[in-house]
$ cat data18.pdb   # PDB, C-alpha atoms and all ligand atoms
ATOM      1  CA  MET A   1      12.110 -22.141   2.619  1.00  0.00           C
ATOM      2  CA  LYS A   2      10.023 -19.524   0.823  1.00  0.00           C
ATOM      3  CA  PRO A   3       8.666 -16.702   3.030  1.00  0.00           C
ATOM      4  CA  ILE A   4       4.925 -16.640   3.691  1.00  0.00           C
ATOM      5  CA  ILE A   5       3.378 -13.357   2.557  1.00  0.00           C
ATOM      6  CA  GLY A   6       0.013 -12.357   3.985  1.00  0.00           C
ATOM      7  CA  ILE A   7      -2.151 -10.329   1.595  1.00  0.00           C
ATOM      8  CA  THR A   8      -5.114  -8.363   2.940  1.00  0.00           C
ATOM      9  CA  CYS A   9      -8.561  -9.114   1.489  1.00  0.00           C
ATOM     10  CA  LEU A  10     -11.178  -6.723   0.233  1.00  0.00           C
ATOM     11  CA  TYR A  11     -14.354  -6.857   2.291  1.00  0.00           C
ATOM     12  CA  ASP A  12     -17.513  -6.090   0.366  1.00  0.00           C
ATOM     13  CA  TRP A  13     -19.924  -5.413   3.239  1.00  0.00           C
ATOM     14  CA  LYS A  14     -22.956  -5.122   0.933  1.00  0.00           C
ATOM     15  CA  ASN A  15     -22.645  -8.728  -0.186  1.00  0.00           C
ATOM     16  CA  GLU A  16     -20.678 -10.002   2.837  1.00  0.00           C
ATOM     17  CA  VAL A  17     -17.918 -11.269   0.559  1.00  0.00           C
ATOM     18  CA  MET A  18     -14.145 -11.295   1.076  1.00  0.00           C
ATOM     19  CA  ARG A  19     -12.023 -11.452  -2.058  1.00  0.00           C
ATOM     20  CA  GLN A  20      -8.809 -10.322  -3.668  1.00  0.00           C
ATOM     21  CA  TYR A  21      -7.471  -9.773  -7.174  1.00  0.00           C
ATOM     22  CA  GLN A  22      -5.340 -12.566  -8.551  1.00  0.00           C
ATOM     23  CA  ASN A  23      -2.528 -10.161  -9.572  1.00  0.00           C
ATOM     24  CA  TYR A  24      -1.396  -9.902  -5.930  1.00  0.00           C
ATOM     25  CA  VAL A  25      -1.196 -13.670  -5.603  1.00  0.00           C
ATOM     26  CA  ASN A  26       0.611 -14.036  -8.921  1.00  0.00           C
ATOM     27  CA  VAL A  27       3.205 -11.368  -8.217  1.00  0.00           C
ATOM     28  CA  VAL A  28       4.077 -12.761  -4.759  1.00  0.00           C
ATOM     29  CA  LYS A  29       4.383 -16.252  -6.212  1.00  0.00           C
ATOM     30  CA  LYS A  30       6.546 -15.004  -9.105  1.00  0.00           C
ATOM     31  CA  ALA A  31       8.862 -13.083  -6.754  1.00  0.00           C
ATOM     32  CA  GLY A  32       9.502 -16.196  -4.625  1.00  0.00           C
ATOM     33  CA  GLY A  33       6.970 -15.964  -1.803  1.00  0.00           C
ATOM     34  CA  ILE A  34       4.078 -18.123  -0.633  1.00  0.00           C
ATOM     35  CA  PRO A  35       0.921 -15.989  -0.879  1.00  0.00           C
ATOM     36  CA  ILE A  36      -1.877 -16.385   1.664  1.00  0.00           C
ATOM     37  CA  LEU A  37      -4.990 -14.248   1.972  1.00  0.00           C
ATOM     38  CA  LEU A  38      -5.853 -12.608   5.286  1.00  0.00           C
ATOM     39  CA  PRO A  39      -9.604 -12.101   5.835  1.00  0.00           C
ATOM     40  CA  ALA A  40     -10.655  -8.943   7.693  1.00  0.00           C
ATOM     41  CA  VAL A  41     -11.478  -9.602  11.361  1.00  0.00           C
ATOM     42  CA  ASP A  42     -11.689  -7.265  14.338  1.00  0.00           C
ATOM     43  CA  ASP A  43     -10.258  -9.464  17.107  1.00  0.00           C
ATOM     44  CA  LYS A  44      -6.839  -8.282  18.343  1.00  0.00           C
ATOM     45  CA  GLU A  45      -5.672 -11.725  19.426  1.00  0.00           C
ATOM     46  CA  VAL A  46      -6.655 -13.290  16.097  1.00  0.00           C
ATOM     47  CA  ILE A  47      -4.904 -10.494  14.202  1.00  0.00           C
ATOM     48  CA  ARG A  48      -1.750 -10.949  16.303  1.00  0.00           C
ATOM     49  CA  GLY A  49      -1.876 -14.691  15.538  1.00  0.00           C
ATOM     50  CA  MET A  50      -2.154 -13.976  11.813  1.00  0.00           C
ATOM     51  CA  VAL A  51       0.950 -11.803  11.895  1.00  0.00           C
ATOM     52  CA  GLU A  52       2.864 -14.433  13.916  1.00  0.00           C
ATOM     53  CA  GLY A  53       2.108 -16.864  11.090  1.00  0.00           C
ATOM     54  CA  ILE A  54       3.518 -14.749   8.232  1.00  0.00           C
ATOM     55  CA  ASP A  55       6.969 -13.465   7.279  1.00  0.00           C
ATOM     56  CA  GLY A  56       5.879 -10.379   5.337  1.00  0.00           C
ATOM     57  CA  LEU A  57       2.686  -8.290   5.076  1.00  0.00           C
ATOM     58  CA  LEU A  58       1.255  -6.892   1.848  1.00  0.00           C
ATOM     59  CA  VAL A  59      -1.498  -4.329   2.478  1.00  0.00           C
ATOM     60  CA  ALA A  60      -3.407  -4.246  -0.793  1.00  0.00           C
ATOM     61  CA  GLY A  61      -5.436  -1.614  -2.615  1.00  0.00           C
ATOM     62  CA  GLY A  62      -9.133  -1.113  -1.913  1.00  0.00           C
ATOM     63  CA  PRO A  63     -11.828   1.378  -0.967  1.00  0.00           C
ATOM     64  CA  ASP A  64     -11.249   4.774   0.671  1.00  0.00           C
ATOM     65  CA  VAL A  65      -9.917   4.901   4.225  1.00  0.00           C
ATOM     66  CA  GLY A  66     -12.585   6.251   6.600  1.00  0.00           C
ATOM     67  CA  ALA A  67     -11.958   9.886   7.576  1.00  0.00           C
ATOM     68  CA  ASN A  68     -12.551   8.997  11.249  1.00  0.00           C
ATOM     69  CA  CYS A  69      -9.319   6.970  11.177  1.00  0.00           C
ATOM     70  CA  TYR A  70      -7.356  10.223  11.146  1.00  0.00           C
ATOM     71  CA  GLY A  71      -9.761  12.418  13.088  1.00  0.00           C
ATOM     72  CA  GLU A  72     -11.643  14.139  10.270  1.00  0.00           C
ATOM     73  CA  GLU A  73     -15.293  14.452   9.263  1.00  0.00           C
ATOM     74  CA  PRO A  74     -16.150  12.935   5.866  1.00  0.00           C
ATOM     75  CA  HIS A  75     -15.646  15.298   2.924  1.00  0.00           C
ATOM     76  CA  GLN A  76     -18.567  15.363   0.466  1.00  0.00           C
ATOM     77  CA  HIS A  77     -16.397  13.633  -2.154  1.00  0.00           C
ATOM     78  CA  ILE A  78     -15.056  10.781  -0.056  1.00  0.00           C
ATOM     79  CA  GLY A  79     -15.896   7.463  -1.732  1.00  0.00           C
ATOM     80  CA  GLY A  80     -17.092   4.126  -0.362  1.00  0.00           C
ATOM     81  CA  VAL A  81     -15.505   2.919   2.859  1.00  0.00           C
ATOM     82  CA  SER A  82     -15.318  -0.508   4.470  1.00  0.00           C
ATOM     83  CA  PRO A  83     -15.092   0.053   8.242  1.00  0.00           C
ATOM     84  CA  LEU A  84     -14.101  -3.534   9.071  1.00  0.00           C
ATOM     85  CA  MET A  85     -11.135  -3.255   6.676  1.00  0.00           C
ATOM     86  CA  ASP A  86     -10.042  -0.034   8.409  1.00  0.00           C
ATOM     87  CA  VAL A  87     -10.149  -1.587  11.886  1.00  0.00           C
ATOM     88  CA  PHE A  88      -8.471  -4.776  10.695  1.00  0.00           C
ATOM     89  CA  GLU A  89      -5.667  -3.229   8.655  1.00  0.00           C
ATOM     90  CA  ILE A  90      -4.734  -0.651  11.291  1.00  0.00           C
ATOM     91  CA  GLN A  91      -4.372  -3.388  13.928  1.00  0.00           C
ATOM     92  CA  LEU A  92      -2.602  -5.644  11.440  1.00  0.00           C
ATOM     93  CA  VAL A  93       0.067  -3.053  10.596  1.00  0.00           C
ATOM     94  CA  ASN A  94       0.512  -2.254  14.296  1.00  0.00           C
ATOM     95  CA  ALA A  95       1.088  -5.959  14.991  1.00  0.00           C
ATOM     96  CA  ALA A  96       3.528  -6.184  12.041  1.00  0.00           C
ATOM     97  CA  ASN A  97       5.463  -3.246  13.518  1.00  0.00           C
ATOM     98  CA  ASP A  98       5.497  -4.898  16.977  1.00  0.00           C
ATOM     99  CA  LEU A  99       6.913  -8.083  15.482  1.00  0.00           C
ATOM    100  CA  GLY A 100       9.201  -6.244  13.049  1.00  0.00           C
ATOM    101  CA  ILE A 101       8.150  -8.037   9.852  1.00  0.00           C
ATOM    102  CA  PRO A 102       8.479  -6.301   6.450  1.00  0.00           C
ATOM    103  CA  VAL A 103       5.443  -4.374   5.207  1.00  0.00           C
ATOM    104  CA  LEU A 104       4.570  -3.303   1.668  1.00  0.00           C
ATOM    105  CA  GLY A 105       1.508  -1.093   1.160  1.00  0.00           C
ATOM    106  CA  ILE A 106      -0.071  -0.577  -2.247  1.00  0.00           C
ATOM    107  CA  CYS A 107      -2.460   2.330  -2.995  1.00  0.00           C
ATOM    108  CA  ARG A 108      -4.958   2.170  -0.101  1.00  0.00           C
ATOM    109  CA  GLY A 109      -2.233   0.124   1.624  1.00  0.00           C
ATOM    110  CA  GLN A 110       0.174   3.075   1.497  1.00  0.00           C
ATOM    111  CA  GLN A 111      -2.531   5.325   2.942  1.00  0.00           C
ATOM    112  CA  ILE A 112      -3.143   2.853   5.798  1.00  0.00           C
ATOM    113  CA  LEU A 113       0.611   2.764   6.583  1.00  0.00           C
ATOM    114  CA  ASN A 114       0.605   6.548   6.931  1.00  0.00           C
ATOM    115  CA  VAL A 115      -2.593   6.656   9.027  1.00  0.00           C
ATOM    116  CA  VAL A 116      -1.392   3.921  11.419  1.00  0.00           C
ATOM    117  CA  LEU A 117       1.632   6.027  12.356  1.00  0.00           C
ATOM    118  CA  GLY A 118      -0.392   9.235  12.795  1.00  0.00           C
ATOM    119  CA  GLY A 119      -0.437  10.782   9.305  1.00  0.00           C
ATOM    120  CA  THR A 120      -3.424  12.188   7.395  1.00  0.00           C
ATOM    121  CA  LEU A 121      -4.914  11.850   3.896  1.00  0.00           C
ATOM    122  CA  TYR A 122      -6.540  13.954   1.216  1.00  0.00           C
ATOM    123  CA  GLN A 123     -10.048  12.538   1.106  1.00  0.00           C
ATOM    124  CA  ASP A 124     -10.396  13.687  -2.510  1.00  0.00           C
ATOM    125  CA  ILE A 125      -7.386  15.266  -4.211  1.00  0.00           C
ATOM    126  CA  TYR A 126      -9.467  16.849  -7.000  1.00  0.00           C
ATOM    127  CA  SER A 127     -11.507  19.003  -4.648  1.00  0.00           C
ATOM    128  CA  GLN A 128      -8.846  19.500  -1.960  1.00  0.00           C
ATOM    129  CA  ARG A 129      -5.859  20.449  -4.165  1.00  0.00           C
ATOM    130  CA  ASP A 130      -5.454  22.733  -7.165  1.00  0.00           C
ATOM    131  CA  ASN A 131      -4.104  21.655 -10.557  1.00  0.00           C
ATOM    132  CA  CYS A 132      -4.031  17.911 -10.107  1.00  0.00           C
ATOM    133  CA  ILE A 133      -3.099  15.804 -13.080  1.00  0.00           C
ATOM    134  CA  GLN A 134      -5.314  12.777 -13.721  1.00  0.00           C
ATOM    135  CA  HIS A 135      -4.704  10.097 -11.076  1.00  0.00           C
ATOM    136  CA  ARG A 136      -7.596   7.849 -12.086  1.00  0.00           C
ATOM    137  CA  GLN A 137      -6.528   6.587 -15.459  1.00  0.00           C
ATOM    138  CA  GLN A 138      -9.127   5.367 -17.896  1.00  0.00           C
ATOM    139  CA  ALA A 139      -6.837   2.895 -19.571  1.00  0.00           C
ATOM    140  CA  PRO A 140      -5.811  -0.754 -19.070  1.00  0.00           C
ATOM    141  CA  ARG A 141      -4.214  -1.787 -15.759  1.00  0.00           C
ATOM    142  CA  PRO A 142      -0.573  -1.879 -16.949  1.00  0.00           C
ATOM    143  CA  TYR A 143      -0.745   1.488 -18.777  1.00  0.00           C
ATOM    144  CA  LEU A 144       1.829   3.889 -17.321  1.00  0.00           C
ATOM    145  CA  ALA A 145      -0.184   7.094 -17.147  1.00  0.00           C
ATOM    146  CA  HIS A 146       2.113   9.500 -15.278  1.00  0.00           C
ATOM    147  CA  SER A 147       5.724   9.981 -14.242  1.00  0.00           C
ATOM    148  CA  ILE A 148       7.130  10.079 -10.716  1.00  0.00           C
ATOM    149  CA  LYS A 149      10.449  11.157  -9.246  1.00  0.00           C
ATOM    150  CA  ILE A 150      11.966   9.063  -6.473  1.00  0.00           C
ATOM    151  CA  GLU A 151      14.271  10.613  -3.843  1.00  0.00           C
ATOM    152  CA  LYS A 152      17.909   9.658  -4.356  1.00  0.00           C
ATOM    153  CA  ASN A 153      18.761   8.585  -0.836  1.00  0.00           C
ATOM    154  CA  SER A 154      15.936   6.151  -0.319  1.00  0.00           C
ATOM    155  CA  ARG A 155      15.490   2.414  -0.151  1.00  0.00           C
ATOM    156  CA  LEU A 156      12.942   2.702  -2.969  1.00  0.00           C
ATOM    157  CA  ALA A 157      15.487   4.396  -5.283  1.00  0.00           C
ATOM    158  CA  GLU A 158      17.947   1.573  -4.588  1.00  0.00           C
ATOM    159  CA  ILE A 159      15.281  -0.826  -5.828  1.00  0.00           C
ATOM    160  CA  LEU A 160      13.635   1.092  -8.699  1.00  0.00           C
ATOM    161  CA  GLY A 161      15.925   4.006  -9.590  1.00  0.00           C
ATOM    162  CA  THR A 162      14.945   7.672  -9.436  1.00  0.00           C
ATOM    163  CA  GLU A 163      12.670   8.159 -12.452  1.00  0.00           C
ATOM    164  CA  LEU A 164       9.725   6.019 -13.332  1.00  0.00           C
ATOM    165  CA  ARG A 165       6.376   5.952 -15.051  1.00  0.00           C
ATOM    166  CA  VAL A 166       3.501   4.380 -13.141  1.00  0.00           C
ATOM    167  CA  ASN A 167      -0.159   3.491 -13.479  1.00  0.00           C
ATOM    168  CA  THR A 168      -2.632   5.400 -11.303  1.00  0.00           C
ATOM    169  CA  PHE A 169      -6.025   4.508  -9.824  1.00  0.00           C
ATOM    170  CA  HIS A 170      -6.646   6.813  -6.875  1.00  0.00           C
ATOM    171  CA  HIS A 171      -8.448   9.949  -5.766  1.00  0.00           C
ATOM    172  CA  GLN A 172      -7.067   9.934  -2.223  1.00  0.00           C
ATOM    173  CA  ALA A 173      -3.421  10.511  -1.277  1.00  0.00           C
ATOM    174  CA  VAL A 174      -1.111  11.035   1.690  1.00  0.00           C
ATOM    175  CA  LYS A 175      -1.432  14.617   3.054  1.00  0.00           C
ATOM    176  CA  ASP A 176       0.613  15.015   6.261  1.00  0.00           C
ATOM    177  CA  ILE A 177       3.343  12.402   6.500  1.00  0.00           C
ATOM    178  CA  ALA A 178       3.432  10.459   9.770  1.00  0.00           C
ATOM    179  CA  PRO A 179       6.322  10.746  12.246  1.00  0.00           C
ATOM    180  CA  GLY A 180       8.891   8.035  11.516  1.00  0.00           C
ATOM    181  CA  LEU A 181       8.062   7.989   7.802  1.00  0.00           C
ATOM    182  CA  LYS A 182       9.436  10.034   4.914  1.00  0.00           C
ATOM    183  CA  VAL A 183       8.081  10.907   1.490  1.00  0.00           C
ATOM    184  CA  VAL A 184      10.247   9.261  -1.173  1.00  0.00           C
ATOM    185  CA  ALA A 185       8.338   9.895  -4.420  1.00  0.00           C
ATOM    186  CA  TYR A 186       6.184  12.622  -5.959  1.00  0.00           C
ATOM    187  CA  ALA A 187       4.052  12.942  -9.087  1.00  0.00           C
ATOM    188  CA  PRO A 188       4.651  16.104 -11.211  1.00  0.00           C
ATOM    189  CA  ASP A 189       1.725  17.841  -9.434  1.00  0.00           C
ATOM    190  CA  GLY A 190       3.231  17.253  -5.984  1.00  0.00           C
ATOM    191  CA  ILE A 191       0.996  14.331  -5.044  1.00  0.00           C
ATOM    192  CA  ILE A 192       2.862  11.890  -2.792  1.00  0.00           C
ATOM    193  CA  GLU A 193       3.434   8.616  -4.651  1.00  0.00           C
ATOM    194  CA  ALA A 194       5.644   6.660  -2.206  1.00  0.00           C
ATOM    195  CA  ILE A 195       6.647   6.656   1.467  1.00  0.00           C
ATOM    196  CA  GLU A 196       9.030   4.594   3.567  1.00  0.00           C
ATOM    197  CA  SER A 197      10.367   4.194   7.095  1.00  0.00           C
ATOM    198  CA  GLU A 198      13.107   6.558   8.258  1.00  0.00           C
ATOM    199  CA  ASP A 199      14.683   3.459   9.776  1.00  0.00           C
ATOM    200  CA  LYS A 200      17.111   2.258   7.097  1.00  0.00           C
ATOM    201  CA  ASP A 201      17.043  -1.286   8.472  1.00  0.00           C
ATOM    202  CA  ARG A 202      13.274  -1.644   8.250  1.00  0.00           C
ATOM    203  CA  PHE A 203      11.392  -2.626   5.065  1.00  0.00           C
ATOM    204  CA  PHE A 204       8.251  -0.510   5.470  1.00  0.00           C
ATOM    205  CA  ILE A 205       7.326   0.941   2.066  1.00  0.00           C
ATOM    206  CA  GLY A 206       4.112   2.310   0.610  1.00  0.00           C
ATOM    207  CA  VAL A 207       3.480   3.072  -3.049  1.00  0.00           C
ATOM    208  CA  GLN A 208       0.467   4.883  -4.462  1.00  0.00           C
ATOM    209  CA  TRP A 209       0.478   3.097  -7.814  1.00  0.00           C
ATOM    210  CA  HIS A 210      -0.317  -0.556  -8.616  1.00  0.00           C
ATOM    211  CA  PRO A 211       2.940  -2.390  -9.430  1.00  0.00           C
ATOM    212  CA  GLU A 212       1.139  -5.745  -9.123  1.00  0.00           C
ATOM    213  CA  GLY A 213      -0.935  -4.697 -12.153  1.00  0.00           C
ATOM    214  CA  MET A 214       2.210  -4.968 -14.280  1.00  0.00           C
ATOM    215  CA  TRP A 215       3.379  -8.369 -13.028  1.00  0.00           C
ATOM    216  CA  ASP A 216       3.168 -10.000 -16.451  1.00  0.00           C
ATOM    217  CA  SER A 217       3.494  -6.917 -18.658  1.00  0.00           C
ATOM    218  CA  GLU A 218       6.536  -5.628 -20.543  1.00  0.00           C
ATOM    219  CA  TYR A 219       7.050  -3.069 -17.730  1.00  0.00           C
ATOM    220  CA  ASN A 220       9.036  -4.687 -14.997  1.00  0.00           C
ATOM    221  CA  TYR A 221       8.334  -3.944 -11.358  1.00  0.00           C
ATOM    222  CA  ASP A 222       9.474  -7.377 -10.201  1.00  0.00           C
ATOM    223  CA  SER A 223      12.454  -5.853  -8.369  1.00  0.00           C
ATOM    224  CA  LEU A 224      10.125  -4.171  -5.856  1.00  0.00           C
ATOM    225  CA  PHE A 225       8.416  -7.458  -4.997  1.00  0.00           C
ATOM    226  CA  GLU A 226      11.716  -9.372  -5.020  1.00  0.00           C
ATOM    227  CA  ALA A 227      13.212  -6.872  -2.546  1.00  0.00           C
ATOM    228  CA  PHE A 228      10.115  -7.235  -0.344  1.00  0.00           C
ATOM    229  CA  ILE A 229      10.221 -11.031  -0.428  1.00  0.00           C
ATOM    230  CA  ASN A 230      13.992 -11.108   0.189  1.00  0.00           C
ATOM    231  CA  ALA A 231      13.542  -8.860   3.213  1.00  0.00           C
ATOM    232  CA  SER A 232      10.856 -11.296   4.441  1.00  0.00           C
ATOM    233  CA  ARG A 233      13.136 -14.353   4.372  1.00  0.00           C
ATOM    234  CA  LYS A 234      13.857 -15.683   7.859  1.00  0.00           C
ATOM    235  CA  LYS A 235      17.368 -14.748   8.885  1.00  0.00           C
TER
HETATM  236 MN    MN B 301      -0.966   8.780  -9.156  1.00  0.00          MN
END
$ encode --input "data18.pdb" --output "structure tokens"
Amino acid sequence: MKPIIGITCLYDWKNEVMRQYQNYVNVVKKAGGIPILLPAVDDKEVIRGMVEGIDGLLVAGGPDVGANCYGEEPHQHIGGVSPLMDVFEIQLVNAANDLGIPVLGICRGQQILNVVLGGTLYQDIYSQRDNCIQHRQQAPRPYLAHSIKIEKNSRLAEILGTELRVNTFHHQAVKDIAPGLKVVAYAPDGIIEAIESEDKDRFFIGVQWHPEGMWDSEYNYDSLFEAFINASRKK
């Protein structure tokens, strides 16, 4: 039986449309999971029911996380936010933690994982940090714009090794890491590129890049999705 992987949707509040990029669906399917899309809702009971119906949770990329989610006022360079997505995804990850199912966060998804557990974000790395390299590449999706170093003693290093090149499409990043999580990858400028649970037995990983954007390219990030889907198989 293939594990069912719930993928969060983007909610475009201007047009009242929920959608998601096909790459996420394709990569879950390729790695051996059954992808289903989870629309953003704000009802706790409904969210709990969603999580009871899946074996693994993929929190996808998307707009900026609202500064209010981690107790800050909006910086002048914060981008568009989607408040329903914030409310939904925070409750969704909490429910996934309650039920102990594996969680993979990508880009915004990584930031949500950190915020749920009490961490904070840079609202705009370019104005809040000095000497950033470019983290918003102007190149095709699978282009590997910058390098990262992954910590040796981490679950992520077991999966991907310790040195990697990645694509990059962000202007926010993890600032203060949440209790219970550890930083496991950095870009050359010190920007946090991956986080994971301190609990070795728990698959709870966030990455700042977009591995799903390489699902059919010559660069192979399949092992990350295969590890996630394997962890999601019912014991
Ligand atoms: Mn980056």
$ resolve_selection --input "data18.pdb" --expression "the PyMOL selection byres (((chain A and resi 231-234) around 10) and not hetatm)" --output "list in words"
Met1, Lys2, Pro3, Ile4, Ile5, Gly32, Gly33, Ile54, Asp55, Gly56, Leu57, Ile101, Pro102, Val103, Asp201, Arg202, Phe203, Phe225, Glu226, Ala227, Phe228, Ile229, Asn230 and Lys235 of chain A
$ closest_residue --input "data18.pdb" --among "A:Leu144, A:Leu84, A:Ile78, A:Ala31" --to "ligand MN 301 (chain B)" --atoms "all atoms listed in the file"
A:Leu144
$ resolve_selection --input "data18.pdb" --expression "the PyMOL selection byres (((chain A and resi 121) around 8) and not hetatm)" --output "list in words"
Tyr70, Gln111, Val115, Gly119, Thr120, Tyr122, Gln123, Gln172, Ala173, Val174, Lys175 and Asp176 of chain A
$ resolve_selection --input "data18.pdb" --expression "the PyMOL selection byres (((chain A and resi 193) around 9) and not hetatm)" --output "PyMOL selection string"
chain A and resi 107+110+148-150+173-174+183-187+190-192+194-195+206-209
$ closest_residue --input "data18.pdb" --among "A:Gln137, A:Leu224, A:His77, A:Val59" --to "A:Glu158" --atoms "all atoms listed in the file"
A:Leu224
$ atom_distance --input "data18.pdb" --atom1 "atom CA of A:Ile7" --atom2 "atom CA of A:Gly100"
16.6 Å
$ residues_around --input "data18.pdb" --residues "stretch 18-26 of chain A" --least-positions-apart "5" --cutoff "10 Å" --atoms "all atoms listed in the file" --output "MDAnalysis selection string"
chainID A and resid 5:13 31 33:40 58 60:62 210:216
$ atom_distance --input "data18.pdb" --atom1 "atom CA of A:Leu113" --atom2 "atom CA of A:Asn131"
25.9 Å
$ atom_distance --input "data18.pdb" --atom1 "atom CA of A:Leu117" --atom2 "atom CA of A:Pro83"
18.2 Å
$ residues_around --input "data18.pdb" --residues "A:Ile47" --least-positions-apart "2" --cutoff "12 Å" --atoms "only C-alpha atoms" --output "list in words"
Gly6, Thr8, Leu38, Pro39, Ala40, Val41, Asp42, Asp43, Lys44, Glu45, Gly49, Met50, Val51, Glu52, Gly53, Ile54, Val87, Phe88, Glu89, Ile90, Gln91, Leu92, Val93, Asn94, Ala95 and Ala96 of chain A
$ closest_residue --input "data18.pdb" --among "A:Asp124, A:Lys29, A:Asn15, A:Lys182" --to "A:Phe204" --atoms "only C-alpha atoms"
A:Lys182
$ decode --input "data18.pdb" --residues "stretch 154-167 of chain A" --atoms "N, CA and C atoms" --output "compact mmCIF listing (two decimals), in the first residue's frame"
# COMPACT_ATOMS: atom_id res chain seq x y z
N SER A 154 23.50 14.63 10.71
CA SER A 154 22.09 14.98 10.55
C SER A 154 21.41 13.93 9.68
N ARG A 155 20.11 13.87 9.83
CA ARG A 155 19.32 12.96 8.99
C ARG A 155 19.43 13.41 7.52
N LEU A 156 19.46 14.73 7.31
CA LEU A 156 19.53 15.24 5.94
C LEU A 156 20.84 14.83 5.25
N ALA A 157 21.96 14.84 6.00
CA ALA A 157 23.24 14.43 5.42
C ALA A 157 23.24 12.95 5.07
N GLU A 158 22.54 12.15 5.88
CA GLU A 158 22.42 10.72 5.56
C GLU A 158 21.71 10.54 4.21
N ILE A 159 20.81 11.44 3.91
CA ILE A 159 20.00 11.33 2.69
C ILE A 159 20.72 11.96 1.49
N LEU A 160 21.31 13.16 1.69
CA LEU A 160 21.81 13.93 0.55
C LEU A 160 23.32 14.17 0.56
N GLY A 161 24.01 13.73 1.61
CA GLY A 161 25.45 14.03 1.70
C GLY A 161 25.67 15.40 2.32
N THR A 162 26.92 15.87 2.33
CA THR A 162 27.21 17.10 3.09
C THR A 162 27.45 18.33 2.21
N GLU A 163 27.61 18.13 0.92
CA GLU A 163 27.81 19.29 0.03
C GLU A 163 26.90 19.18 -1.17
N LEU A 164 26.28 20.32 -1.51
CA LEU A 164 25.22 20.27 -2.49
C LEU A 164 25.11 21.63 -3.17
N ARG A 165 24.62 21.64 -4.39
CA ARG A 165 24.19 22.90 -4.99
C ARG A 165 22.67 22.85 -5.09
N VAL A 166 22.05 24.00 -4.89
CA VAL A 166 20.58 24.05 -4.86
C VAL A 166 20.06 25.25 -5.66
N ASN A 167 18.79 25.18 -6.04
CA ASN A 167 18.13 26.35 -6.61
C ASN A 167 17.66 27.24 -5.45
